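Structure file coords_5.pdb (PDB, C-alpha atoms, pLDDT in the B column) follows.
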```
MODEL        1
ATOM      1  CA  ASP A   1       0.000   0.000   0.000  1.00 65.00           C
ATOM      2  CA  ALA A   2       1.299   3.444  -0.896  1.00 81.00           C
ATOM      3  CA  GLY A   3      -0.001   5.015   2.291  1.00 95.00           C
ATOM      4  CA  VAL A   4      -1.858   8.308   2.434  1.00 97.00           C
ATOM      5  CA  ILE A   5      -1.034  10.464  -0.565  1.00 97.00           C
ATOM      6  CA  GLN A   6      -1.146  14.255  -0.482  1.00 98.00           C
ATOM      7  CA  SER A   7      -0.575  16.788  -3.211  1.00 96.00           C
ATOM      8  CA  PRO A   8       1.003  19.149  -3.728  1.00 97.00           C
ATOM      9  CA  ARG A   9       3.862  18.724  -1.262  1.00 97.00           C
ATOM     10  CA  HIS A  10       4.654  22.429  -1.383  1.00 97.00           C
ATOM     11  CA  GLU A  11       2.485  25.360  -2.367  1.00 97.00           C
ATOM     12  CA  VAL A  12       3.478  28.998  -2.512  1.00 98.00           C
ATOM     13  CA  THR A  13       0.755  31.445  -3.380  1.00 97.00           C
ATOM     14  CA  GLU A  14      -0.145  35.078  -2.987  1.00 97.00           C
ATOM     15  CA  MET A  15      -2.708  36.465  -0.609  1.00 97.00           C
ATOM     16  CA  GLY A  16      -6.193  36.325  -2.052  1.00 97.00           C
ATOM     17  CA  GLN A  17      -5.585  33.332  -4.281  1.00 97.00           C
ATOM     18  CA  GLU A  18      -7.514  30.069  -4.051  1.00 97.00           C
ATOM     19  CA  VAL A  19      -5.619  27.048  -2.767  1.00 98.00           C
ATOM     20  CA  THR A  20      -6.720  23.430  -3.124  1.00 98.00           C
ATOM     21  CA  LEU A  21      -5.043  20.635  -1.211  1.00 98.00           C
ATOM     22  CA  ARG A  22      -5.686  17.030  -2.145  1.00 98.00           C
ATOM     23  CA  CYS A  23      -5.662  13.746  -0.277  1.00 98.00           C
ATOM     24  CA  LYS A  24      -6.010  10.091  -1.188  1.00 98.00           C
ATOM     25  CA  PRO A  25      -6.588   7.959   1.921  1.00 98.00           C
ATOM     26  CA  ILE A  26      -5.555   4.364   2.382  1.00 97.00           C
ATOM     27  CA  SER A  27      -7.900   1.980   0.606  1.00 96.00           C
ATOM     28  CA  GLY A  28     -10.423   0.456   3.010  1.00 95.00           C
ATOM     29  CA  HIS A  29     -10.212   3.206   5.587  1.00 96.00           C
ATOM     30  CA  ASN A  30     -13.534   4.822   6.434  1.00 95.00           C
ATOM     31  CA  SER A  31     -12.350   7.846   8.440  1.00 95.00           C
ATOM     32  CA  LEU A  32     -10.467  10.848   7.104  1.00 97.00           C
ATOM     33  CA  PHE A  33      -9.026  13.758   9.034  1.00 97.00           C
ATOM     34  CA  TRP A  34      -7.537  17.094   7.952  1.00 98.00           C
ATOM     35  CA  TYR A  35      -5.064  18.702  10.360  1.00 98.00           C
ATOM     36  CA  ARG A  36      -3.050  21.913  10.356  1.00 97.00           C
ATOM     37  CA  GLN A  37       0.312  22.188  12.120  1.00 97.00           C
ATOM     38  CA  THR A  38       2.086  25.387  13.097  1.00 95.00           C
ATOM     39  CA  MET A  39       4.747  26.174  15.656  1.00 91.00           C
ATOM     40  CA  MET A  40       2.401  28.474  17.542  1.00 90.00           C
ATOM     41  CA  ARG A  41      -0.715  26.325  17.679  1.00 90.00           C
ATOM     42  CA  GLY A  42       0.678  22.825  17.283  1.00 91.00           C
ATOM     43  CA  LEU A  43      -1.478  20.166  15.612  1.00 94.00           C
ATOM     44  CA  GLU A  44      -5.093  21.254  15.073  1.00 95.00           C
ATOM     45  CA  LEU A  45      -7.942  19.104  13.773  1.00 96.00           C
ATOM     46  CA  LEU A  46      -9.796  20.959  11.034  1.00 97.00           C
ATOM     47  CA  ILE A  47     -12.416  18.467   9.902  1.00 97.00           C
ATOM     48  CA  TYR A  48     -13.311  14.795  10.230  1.00 96.00           C
ATOM     49  CA  PHE A  49     -15.179  12.652   7.702  1.00 96.00           C
ATOM     50  CA  ASN A  50     -16.673   9.239   8.362  1.00 95.00           C
ATOM     51  CA  ASN A  51     -17.861   7.191   5.386  1.00 95.00           C
ATOM     52  CA  ASN A  52     -17.392  10.301   3.216  1.00 96.00           C
ATOM     53  CA  VAL A  53     -19.727  12.402   5.376  1.00 96.00           C
ATOM     54  CA  PRO A  54     -18.406  15.415   7.316  1.00 95.00           C
ATOM     55  CA  ILE A  55     -19.009  14.666  10.977  1.00 94.00           C
ATOM     56  CA  ASP A  56     -17.129  17.392  12.798  1.00 94.00           C
ATOM     57  CA  ASP A  57     -15.990  20.610  11.160  1.00 94.00           C
ATOM     58  CA  SER A  58     -15.766  22.659  14.344  1.00 93.00           C
ATOM     59  CA  GLY A  59     -12.056  23.137  13.786  1.00 93.00           C
ATOM     60  CA  MET A  60     -12.431  24.843  10.417  1.00 95.00           C
ATOM     61  CA  PRO A  61     -11.173  28.370  11.083  1.00 87.00           C
ATOM     62  CA  GLU A  62     -13.738  30.318   9.096  1.00 84.00           C
ATOM     63  CA  ASP A  63     -15.827  30.345   5.950  1.00 91.00           C
ATOM     64  CA  ARG A  64     -12.740  30.719   3.821  1.00 95.00           C
ATOM     65  CA  PHE A  65     -12.030  27.052   4.470  1.00 97.00           C
ATOM     66  CA  SER A  66     -14.073  24.250   2.942  1.00 97.00           C
ATOM     67  CA  ALA A  67     -13.549  20.494   2.584  1.00 98.00           C
ATOM     68  CA  LYS A  68     -15.173  17.834   0.485  1.00 97.00           C
ATOM     69  CA  MET A  69     -14.997  14.079   0.187  1.00 97.00           C
ATOM     70  CA  PRO A  70     -16.854  13.088  -2.986  1.00 97.00           C
ATOM     71  CA  ASN A  71     -15.871   9.432  -2.661  1.00 95.00           C
ATOM     72  CA  ALA A  72     -13.946   7.062  -0.420  1.00 95.00           C
ATOM     73  CA  SER A  73     -10.660   7.621  -2.231  1.00 96.00           C
ATOM     74  CA  PHE A  74     -10.419  11.391  -2.511  1.00 96.00           C
ATOM     75  CA  SER A  75     -10.760  14.513  -0.401  1.00 98.00           C
ATOM     76  CA  THR A  76      -9.964  18.183  -0.907  1.00 98.00           C
ATOM     77  CA  LEU A  77      -9.365  21.098   1.422  1.00 98.00           C
ATOM     78  CA  LYS A  78      -9.888  24.487  -0.180  1.00 98.00           C
ATOM     79  CA  ILE A  79      -8.938  27.924   1.082  1.00 97.00           C
ATOM     80  CA  GLN A  80     -10.497  30.867  -0.715  1.00 97.00           C
ATOM     81  CA  PRO A  81      -9.255  33.541  -0.403  1.00 96.00           C
ATOM     82  CA  SER A  82      -5.961  32.612   1.200  1.00 97.00           C
ATOM     83  CA  GLU A  83      -4.256  34.838   3.792  1.00 96.00           C
ATOM     84  CA  PRO A  84      -0.686  34.877   5.155  1.00 97.00           C
ATOM     85  CA  ARG A  85      -1.916  33.502   8.507  1.00 95.00           C
ATOM     86  CA  ASP A  86      -2.999  30.324   6.686  1.00 97.00           C
ATOM     87  CA  SER A  87       0.659  29.450   6.156  1.00 97.00           C
ATOM     88  CA  ALA A  88       1.187  26.068   7.813  1.00 97.00           C
ATOM     89  CA  VAL A  89       1.708  22.393   7.093  1.00 98.00           C
ATOM     90  CA  TYR A  90      -1.574  20.649   6.321  1.00 98.00           C
ATOM     91  CA  PHE A  91      -1.855  16.931   6.982  1.00 98.00           C
ATOM     92  CA  CYS A  92      -4.401  14.409   5.882  1.00 98.00           C
ATOM     93  CA  ALA A  93      -4.792  11.198   7.890  1.00 98.00           C
ATOM     94  CA  SER A  94      -6.988   8.144   7.503  1.00 97.00           C
ATOM     95  CA  SER A  95      -8.018   5.313   9.776  1.00 95.00           C
ATOM     96  CA  PHE A  96     -10.451   2.436  10.022  1.00 94.00           C
ATOM     97  CA  SER A  97     -13.197   3.000  12.592  1.00 87.00           C
ATOM     98  CA  GLY A  98     -11.146   4.943  15.099  1.00 84.00           C
ATOM     99  CA  ASP A  99      -8.088   2.733  15.014  1.00 90.00           C
ATOM    100  CA  THR A 100      -4.556   3.930  14.272  1.00 94.00           C
ATOM    101  CA  GLN A 101      -4.324   7.041  12.100  1.00 96.00           C
ATOM    102  CA  TYR A 102      -1.989   7.012   9.142  1.00 97.00           C
ATOM    103  CA  PHE A 103      -0.723  10.409   8.128  1.00 97.00           C
ATOM    104  CA  GLY A 104       0.285  11.673   4.734  1.00 97.00           C
ATOM    105  CA  PRO A 105       3.557  13.557   4.170  1.00 96.00           C
ATOM    106  CA  GLY A 106       1.792  16.909   4.414  1.00 97.00           C
ATOM    107  CA  THR A 107       1.467  19.988   2.234  1.00 98.00           C
ATOM    108  CA  ARG A 108       3.593  22.961   3.234  1.00 98.00           C
ATOM    109  CA  LEU A 109       1.570  26.069   2.360  1.00 98.00           C
ATOM    110  CA  THR A 110       3.134  29.502   2.187  1.00 98.00           C
ATOM    111  CA  VAL A 111       0.874  32.478   1.535  1.00 98.00           C
ATOM    112  CA  LEU A 112       2.787  35.640   0.671  1.00 97.00           C
TER     113      LEU A 112
ATOM    114  CA  ALA B   1     -14.658  14.759  27.352  1.00 84.00           C
ATOM    115  CA  GLN B   2     -11.125  13.603  26.638  1.00 91.00           C
ATOM    116  CA  SER B   3      -7.797  15.338  27.059  1.00 94.00           C
ATOM    117  CA  VAL B   4      -4.108  14.547  27.048  1.00 96.00           C
ATOM    118  CA  ALA B   5      -1.137  16.351  28.529  1.00 97.00           C
ATOM    119  CA  GLN B   6       2.529  16.141  27.672  1.00 97.00           C
ATOM    120  CA  PRO B   7       4.118  18.117  30.488  1.00 97.00           C
ATOM    121  CA  GLU B   8       7.547  18.500  28.873  1.00 97.00           C
ATOM    122  CA  ASP B   9       8.110  20.547  25.748  1.00 96.00           C
ATOM    123  CA  GLN B  10      11.594  19.087  25.406  1.00 98.00           C
ATOM    124  CA  VAL B  11      13.507  16.110  26.767  1.00 98.00           C
ATOM    125  CA  ASN B  12      17.267  15.879  26.521  1.00 98.00           C
ATOM    126  CA  VAL B  13      19.101  12.593  26.948  1.00 98.00           C
ATOM    127  CA  ALA B  14      22.555  11.269  26.168  1.00 98.00           C
ATOM    128  CA  GLU B  15      22.925   8.503  23.626  1.00 98.00           C
ATOM    129  CA  GLY B  16      22.875   5.100  25.305  1.00 97.00           C
ATOM    130  CA  ASN B  17      20.902   6.321  28.301  1.00 98.00           C
ATOM    131  CA  PRO B  18      17.290   5.343  28.941  1.00 98.00           C
ATOM    132  CA  LEU B  19      14.626   7.836  27.892  1.00 97.00           C
ATOM    133  CA  THR B  20      11.120   8.608  29.092  1.00 98.00           C
ATOM    134  CA  VAL B  21       8.586  10.889  27.442  1.00 98.00           C
ATOM    135  CA  LYS B  22       5.627  11.575  29.697  1.00 98.00           C
ATOM    136  CA  CYS B  23       1.929  11.543  28.885  1.00 98.00           C
ATOM    137  CA  THR B  24      -1.137  11.780  31.093  1.00 98.00           C
ATOM    138  CA  TYR B  25      -4.716  11.569  29.939  1.00 97.00           C
ATOM    139  CA  SER B  26      -8.307  12.096  30.983  1.00 95.00           C
ATOM    140  CA  VAL B  27     -11.340  10.242  29.613  1.00 92.00           C
ATOM    141  CA  SER B  28     -14.801   9.402  30.849  1.00 90.00           C
ATOM    142  CA  GLY B  29     -14.691   5.785  29.743  1.00 89.00           C
ATOM    143  CA  ASN B  30     -11.866   3.440  28.826  1.00 91.00           C
ATOM    144  CA  PRO B  31      -8.902   4.979  27.011  1.00 93.00           C
ATOM    145  CA  TYR B  32      -7.533   4.060  23.623  1.00 94.00           C
ATOM    146  CA  LEU B  33      -3.956   5.417  23.743  1.00 97.00           C
ATOM    147  CA  PHE B  34      -1.420   6.049  21.000  1.00 97.00           C
ATOM    148  CA  TRP B  35       2.102   7.302  20.535  1.00 98.00           C
ATOM    149  CA  TYR B  36       3.238   8.836  17.262  1.00 98.00           C
ATOM    150  CA  VAL B  37       6.622  10.181  16.145  1.00 98.00           C
ATOM    151  CA  GLN B  38       7.300  12.987  13.708  1.00 97.00           C
ATOM    152  CA  TYR B  39      10.671  13.394  12.063  1.00 96.00           C
ATOM    153  CA  PRO B  40      11.554  16.742  10.450  1.00 92.00           C
ATOM    154  CA  ASN B  41       9.523  17.524   7.338  1.00 90.00           C
ATOM    155  CA  ARG B  42       7.538  14.309   7.662  1.00 93.00           C
ATOM    156  CA  GLY B  43       4.050  13.300   8.706  1.00 94.00           C
ATOM    157  CA  LEU B  44       3.308  11.625  12.014  1.00 96.00           C
ATOM    158  CA  GLN B  45       4.141   7.930  12.162  1.00 97.00           C
ATOM    159  CA  PHE B  46       2.483   5.392  14.421  1.00 96.00           C
ATOM    160  CA  LEU B  47       4.711   3.920  17.154  1.00 97.00           C
ATOM    161  CA  LEU B  48       2.420   1.913  19.417  1.00 97.00           C
ATOM    162  CA  LYS B  49      -1.017   1.743  20.964  1.00 96.00           C
ATOM    163  CA  TYR B  50      -2.854   0.450  24.011  1.00 96.00           C
ATOM    164  CA  ILE B  51      -6.413  -0.826  23.891  1.00 92.00           C
ATOM    165  CA  THR B  52      -6.613  -3.455  26.575  1.00 88.00           C
ATOM    166  CA  GLY B  53      -4.579  -6.284  28.058  1.00 87.00           C
ATOM    167  CA  ASP B  54      -0.946  -6.154  29.141  1.00 90.00           C
ATOM    168  CA  ASN B  55      -0.041  -2.768  30.587  1.00 92.00           C
ATOM    169  CA  LEU B  56       3.364  -2.811  28.879  1.00 96.00           C
ATOM    170  CA  VAL B  57       3.058  -2.262  25.164  1.00 96.00           C
ATOM    171  CA  LYS B  58       5.947  -2.767  22.776  1.00 96.00           C
ATOM    172  CA  GLY B  59       6.197  -0.854  19.538  1.00 95.00           C
ATOM    173  CA  SER B  60       8.429   0.116  16.676  1.00 92.00           C
ATOM    174  CA  TYR B  61      12.140   1.016  16.909  1.00 92.00           C
ATOM    175  CA  GLY B  62      12.528  -0.516  20.382  1.00 95.00           C
ATOM    176  CA  PHE B  63      10.037   1.814  22.053  1.00 97.00           C
ATOM    177  CA  GLU B  64       7.584   0.699  24.697  1.00 97.00           C
ATOM    178  CA  ALA B  65       4.937   2.377  26.813  1.00 98.00           C
ATOM    179  CA  GLU B  66       3.423   1.543  30.157  1.00 96.00           C
ATOM    180  CA  PHE B  67      -0.267   2.057  30.789  1.00 96.00           C
ATOM    181  CA  ASN B  68      -0.978   3.044  34.387  1.00 96.00           C
ATOM    182  CA  LYS B  69      -4.692   3.351  35.072  1.00 94.00           C
ATOM    183  CA  SER B  70      -4.374   4.678  38.625  1.00 95.00           C
ATOM    184  CA  GLN B  71      -2.052   7.475  37.533  1.00 96.00           C
ATOM    185  CA  THR B  72      -3.834   7.926  34.180  1.00 96.00           C
ATOM    186  CA  SER B  73      -0.461   7.867  32.460  1.00 97.00           C
ATOM    187  CA  PHE B  74       0.987   6.311  29.345  1.00 98.00           C
ATOM    188  CA  HIS B  75       4.695   7.182  29.366  1.00 98.00           C
ATOM    189  CA  LEU B  76       6.876   6.294  26.398  1.00 98.00           C
ATOM    190  CA  LYS B  77      10.177   4.609  27.173  1.00 98.00           C
ATOM    191  CA  LYS B  78      13.259   3.189  25.537  1.00 98.00           C
ATOM    192  CA  PRO B  79      16.112   1.432  27.376  1.00 97.00           C
ATOM    193  CA  SER B  80      18.913   2.923  25.279  1.00 97.00           C
ATOM    194  CA  ALA B  81      18.472   6.102  23.258  1.00 97.00           C
ATOM    195  CA  LEU B  82      19.921   6.642  19.797  1.00 97.00           C
ATOM    196  CA  VAL B  83      20.756   9.959  18.151  1.00 97.00           C
ATOM    197  CA  SER B  84      18.347   8.931  15.393  1.00 96.00           C
ATOM    198  CA  ASP B  85      15.511   8.891  17.957  1.00 97.00           C
ATOM    199  CA  SER B  86      15.649  12.694  18.023  1.00 97.00           C
ATOM    200  CA  ALA B  87      12.202  13.789  16.847  1.00 97.00           C
ATOM    201  CA  LEU B  88       8.855  15.177  17.987  1.00 97.00           C
ATOM    202  CA  TYR B  89       6.674  12.717  19.907  1.00 98.00           C
ATOM    203  CA  PHE B  90       2.909  12.942  20.243  1.00 98.00           C
ATOM    204  CA  CYS B  91       0.638  11.148  22.667  1.00 98.00           C
ATOM    205  CA  ALA B  92      -3.033  10.766  21.703  1.00 97.00           C
ATOM    206  CA  VAL B  93      -6.134   9.464  23.450  1.00 95.00           C
ATOM    207  CA  ARG B  94      -9.609   8.481  22.371  1.00 94.00           C
ATOM    208  CA  ASP B  95     -12.438   7.688  24.741  1.00 90.00           C
ATOM    209  CA  MET B  96     -13.676   4.263  23.670  1.00 86.00           C
ATOM    210  CA  GLY B  97     -17.072   4.986  25.143  1.00 79.00           C
ATOM    211  CA  GLY B  98     -17.334   8.427  23.645  1.00 70.00           C
ATOM    212  CA  GLY B  99     -18.998   7.494  20.404  1.00 73.00           C
ATOM    213  CA  SER B 100     -16.520   9.459  18.298  1.00 80.00           C
ATOM    214  CA  TYR B 101     -13.543   8.333  16.271  1.00 87.00           C
ATOM    215  CA  ILE B 102     -11.693  11.608  16.900  1.00 92.00           C
ATOM    216  CA  PRO B 103      -8.568  11.313  19.061  1.00 93.00           C
ATOM    217  CA  THR B 104      -7.118  14.194  21.039  1.00 94.00           C
ATOM    218  CA  PHE B 105      -3.407  14.833  20.538  1.00 95.00           C
ATOM    219  CA  GLY B 106      -0.987  16.330  23.007  1.00 95.00           C
ATOM    220  CA  ARG B 107       1.145  19.305  22.050  1.00 95.00           C
ATOM    221  CA  GLY B 108       4.139  17.119  21.452  1.00 96.00           C
ATOM    222  CA  THR B 109       7.499  16.639  23.167  1.00 97.00           C
ATOM    223  CA  SER B 110      10.732  17.299  21.353  1.00 97.00           C
ATOM    224  CA  LEU B 111      13.246  14.572  22.146  1.00 98.00           C
ATOM    225  CA  ILE B 112      16.885  15.472  21.664  1.00 98.00           C
ATOM    226  CA  VAL B 113      19.448  12.713  21.983  1.00 98.00           C
ATOM    227  CA  HIS B 114      23.004  13.991  22.347  1.00 97.00           C
ATOM    228  CA  PRO B 115      25.953  11.965  21.004  1.00 95.00           C
TER     229      PRO B 115
ENDMDL
END
```

How does the structure come out when it is put into structure tokens?
Amino acid sequence: DAGVIQSPRHEVTEMGQEVTLRCKPISGHNSLFWYRQTMMRGLELLIYFNNNVPIDDSGMPEDRFSAKMPNASFSTLKIQPSEPRDSAVYFCASSFSGDTQYFGPGTRLTVL
Amino acid sequence: AQSVAQPEDQVNVAEGNPLTVKCTYSVSGNPYLFWYVQYPNRGLQFLLKYITGDNLVKGSYGFEAEFNKSQTSFHLKKPSALVSDSALYFCAVRDMGGGSYIPTFGRGTSLIVHP
């Protein structure tokens, strides 16, 4: 198994631009998590999907952030418009029914 | 409600010495406990977990953790540290009776192993 796949690995964009981060979870996993990691705030849960349905999005910072999971093998996290304070490493993780989470390599986002 | 605390931001240890990274937790029901490691510019990697059974859990890279219900702790240990163990370590807990698959992560402890 290739593990959790995220793209792009690095993204540099200018303030106001739309950013889309992508994630392919491990086949057979039914839970998907998006996290954001910064030095100041540590690891933050943004949103959690179970069986492709968003269950908890209380960690999504504001309306500029949105996430979708159209099928069991793909999820996106979109930021529109992006701001410098969104600069962080964004991780996707998947698991089966609350068991061990497997993290992707992350997307390092820099908003200028 | 569930919570986890890693009281040390950083742990320093000399290579060859034993290491301990501390974790305490709080849950309403029975805990499902995890340790993860993050190397620079990488995602978190699973080390070990406790669900039930033997209080001493063995994991990857020679690490082990001891579940202590009375002290609500799940400290990570290794008998002999390696320089390559230097990384960021996260403890996580999920309340098995909570009805949610969302774990709570600690803030992480930076382990530095000196040659």

For chain B versus chain A, which residues have an atom no more than 12 Å away, and what is each residue's nearest atom pair and distance in Å rounded to one decimal, using only C-alpha atoms, chain-then-number order, as a Markdown table?
```
| residue | atom | partner | partner_atom | distance |
| --- | --- | --- | --- | --- |
| B:Asp9 | CA | A:Gly42 | CA | 11.5 |
| B:Tyr32 | CA | A:Asp99 | CA | 8.7 |
| B:Leu33 | CA | A:Thr100 | CA | 9.6 |
| B:Phe34 | CA | A:Thr100 | CA | 7.7 |
| B:Trp35 | CA | A:Thr100 | CA | 9.7 |
| B:Tyr36 | CA | A:Gln101 | CA | 9.3 |
| B:Val37 | CA | A:Phe103 | CA | 10.9 |
| B:Gln38 | CA | A:Phe103 | CA | 10.1 |
| B:Tyr39 | CA | A:Pro105 | CA | 10.6 |
| B:Pro40 | CA | A:Pro105 | CA | 10.7 |
| B:Asn41 | CA | A:Pro105 | CA | 7.8 |
| B:Arg42 | CA | A:Pro105 | CA | 5.3 |
| B:Gly43 | CA | A:Pro105 | CA | 4.6 |
| B:Leu44 | CA | A:Phe103 | CA | 5.7 |
| B:Gln45 | CA | A:Phe103 | CA | 6.8 |
| B:Phe46 | CA | A:Tyr102 | CA | 7.1 |
| B:Leu47 | CA | A:Thr100 | CA | 9.7 |
| B:Leu48 | CA | A:Thr100 | CA | 8.9 |
| B:Lys49 | CA | A:Thr100 | CA | 7.9 |
| B:Tyr50 | CA | A:Thr100 | CA | 10.5 |
| B:Ile51 | CA | A:Asp99 | CA | 9.7 |
| B:Leu88 | CA | A:Gly42 | CA | 11.2 |
| B:Tyr89 | CA | A:Leu43 | CA | 11.8 |
| B:Phe90 | CA | A:Leu43 | CA | 9.6 |
| B:Cys91 | CA | A:Leu43 | CA | 11.6 |
| B:Ala92 | CA | A:Thr100 | CA | 10.2 |
| B:Val93 | CA | A:Gly98 | CA | 10.7 |
| B:Arg94 | CA | A:Gly98 | CA | 8.2 |
| B:Asp95 | CA | A:Gly98 | CA | 10.1 |
| B:Met96 | CA | A:Gly98 | CA | 9.0 |
| B:Gly97 | CA | A:Gly98 | CA | 11.7 |
| B:Gly98 | CA | A:Gly98 | CA | 11.1 |
| B:Gly99 | CA | A:Gly98 | CA | 9.8 |
| B:Ser100 | CA | A:Gly98 | CA | 7.7 |
| B:Tyr101 | CA | A:Gly98 | CA | 4.3 |
| B:Ile102 | CA | A:Gly98 | CA | 6.9 |
| B:Pro103 | CA | A:Gly98 | CA | 7.9 |
| B:Thr104 | CA | A:Leu45 | CA | 8.8 |
| B:Phe105 | CA | A:Leu43 | CA | 7.5 |
| B:Gly106 | CA | A:Leu43 | CA | 8.3 |
| B:Arg107 | CA | A:Gly42 | CA | 5.9 |
| B:Gly108 | CA | A:Gly42 | CA | 7.9 |
| B:Thr109 | CA | A:Gly42 | CA | 10.9 |
```

Exercise. Fewer than 6 positions away in the same chain doesn't count, so skip those; otherwise give me all residues within 10 Å of Glu15 in chain B, counting all atoms listed in the file, as a ChimeraX atom specification.
Key: /B:80-85,112-115

Since we have the selection now, will you write its residues out, keeping C-alpha atoms, as an mmCIF file, in the coordinates of the input?
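Saved as out09.cif:
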```cif
data_model
loop_
_atom_site.group_PDB
_atom_site.id
_atom_site.type_symbol
_atom_site.label_atom_id
_atom_site.label_comp_id
_atom_site.auth_asym_id
_atom_site.auth_seq_id
_atom_site.Cartn_x
_atom_site.Cartn_y
_atom_site.Cartn_z
ATOM 1 C CA SER B 80 18.913 2.923 25.279
ATOM 2 C CA ALA B 81 18.472 6.102 23.258
ATOM 3 C CA LEU B 82 19.921 6.642 19.797
ATOM 4 C CA VAL B 83 20.756 9.959 18.151
ATOM 5 C CA SER B 84 18.347 8.931 15.393
ATOM 6 C CA ASP B 85 15.511 8.891 17.957
ATOM 7 C CA ILE B 112 16.885 15.472 21.664
ATOM 8 C CA VAL B 113 19.448 12.713 21.983
ATOM 9 C CA HIS B 114 23.004 13.991 22.347
ATOM 10 C CA PRO B 115 25.953 11.965 21.004
#
```

Quiz item: Contacts of Glu83 in chain A at 12 Å or less, counting only C-alpha atoms, minus same-chain residues fewer than 2 places along, as a ChimeraX atom specification?
Solution: /A:12-19,61-62,64-65,79-81,85-88,109-112

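CA of Leu111 in chain B is found 25.3 Å from CA of Trp34 in chain A.
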
Kindly list the centre and edge lengths in Å, rounded to one decimal, for the axis-aligned box that covers all listed atoms of range 4-10 of chain A plus 8 Å on each of its six sides, as JSON.
```
{"center_x": 1.4, "center_y": 15.4, "center_z": -0.6, "size_x": 22.5, "size_y": 30.1, "size_z": 22.2}
```

Self-check item: Exercise: Arg22 in chain A partners within 9 Å, only C-alpha atoms, chain neighbours under 4 positions left out, as a PyMOL selection string
Solution: chain A and resi 5-8+74-78+92+107

Quiz item: Skipping near chain neighbours, those fewer than 5 positions away, what residues fall within 12 Å of Gly53 in chain B using all atoms listed in the file, listed as number ranges by chain?
Solution: B: 32, 66-69

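CA of His29 in chain A is positioned 17.9 Å from CA of Ala67 in chain A.
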
Quiz prompt | Given all atoms listed in the file as the counted atoms, nearest of A:Ser94, A:Ser82, A:Asn71, A:Asn51 to Ile26 in chain A | solution = A:Ser94
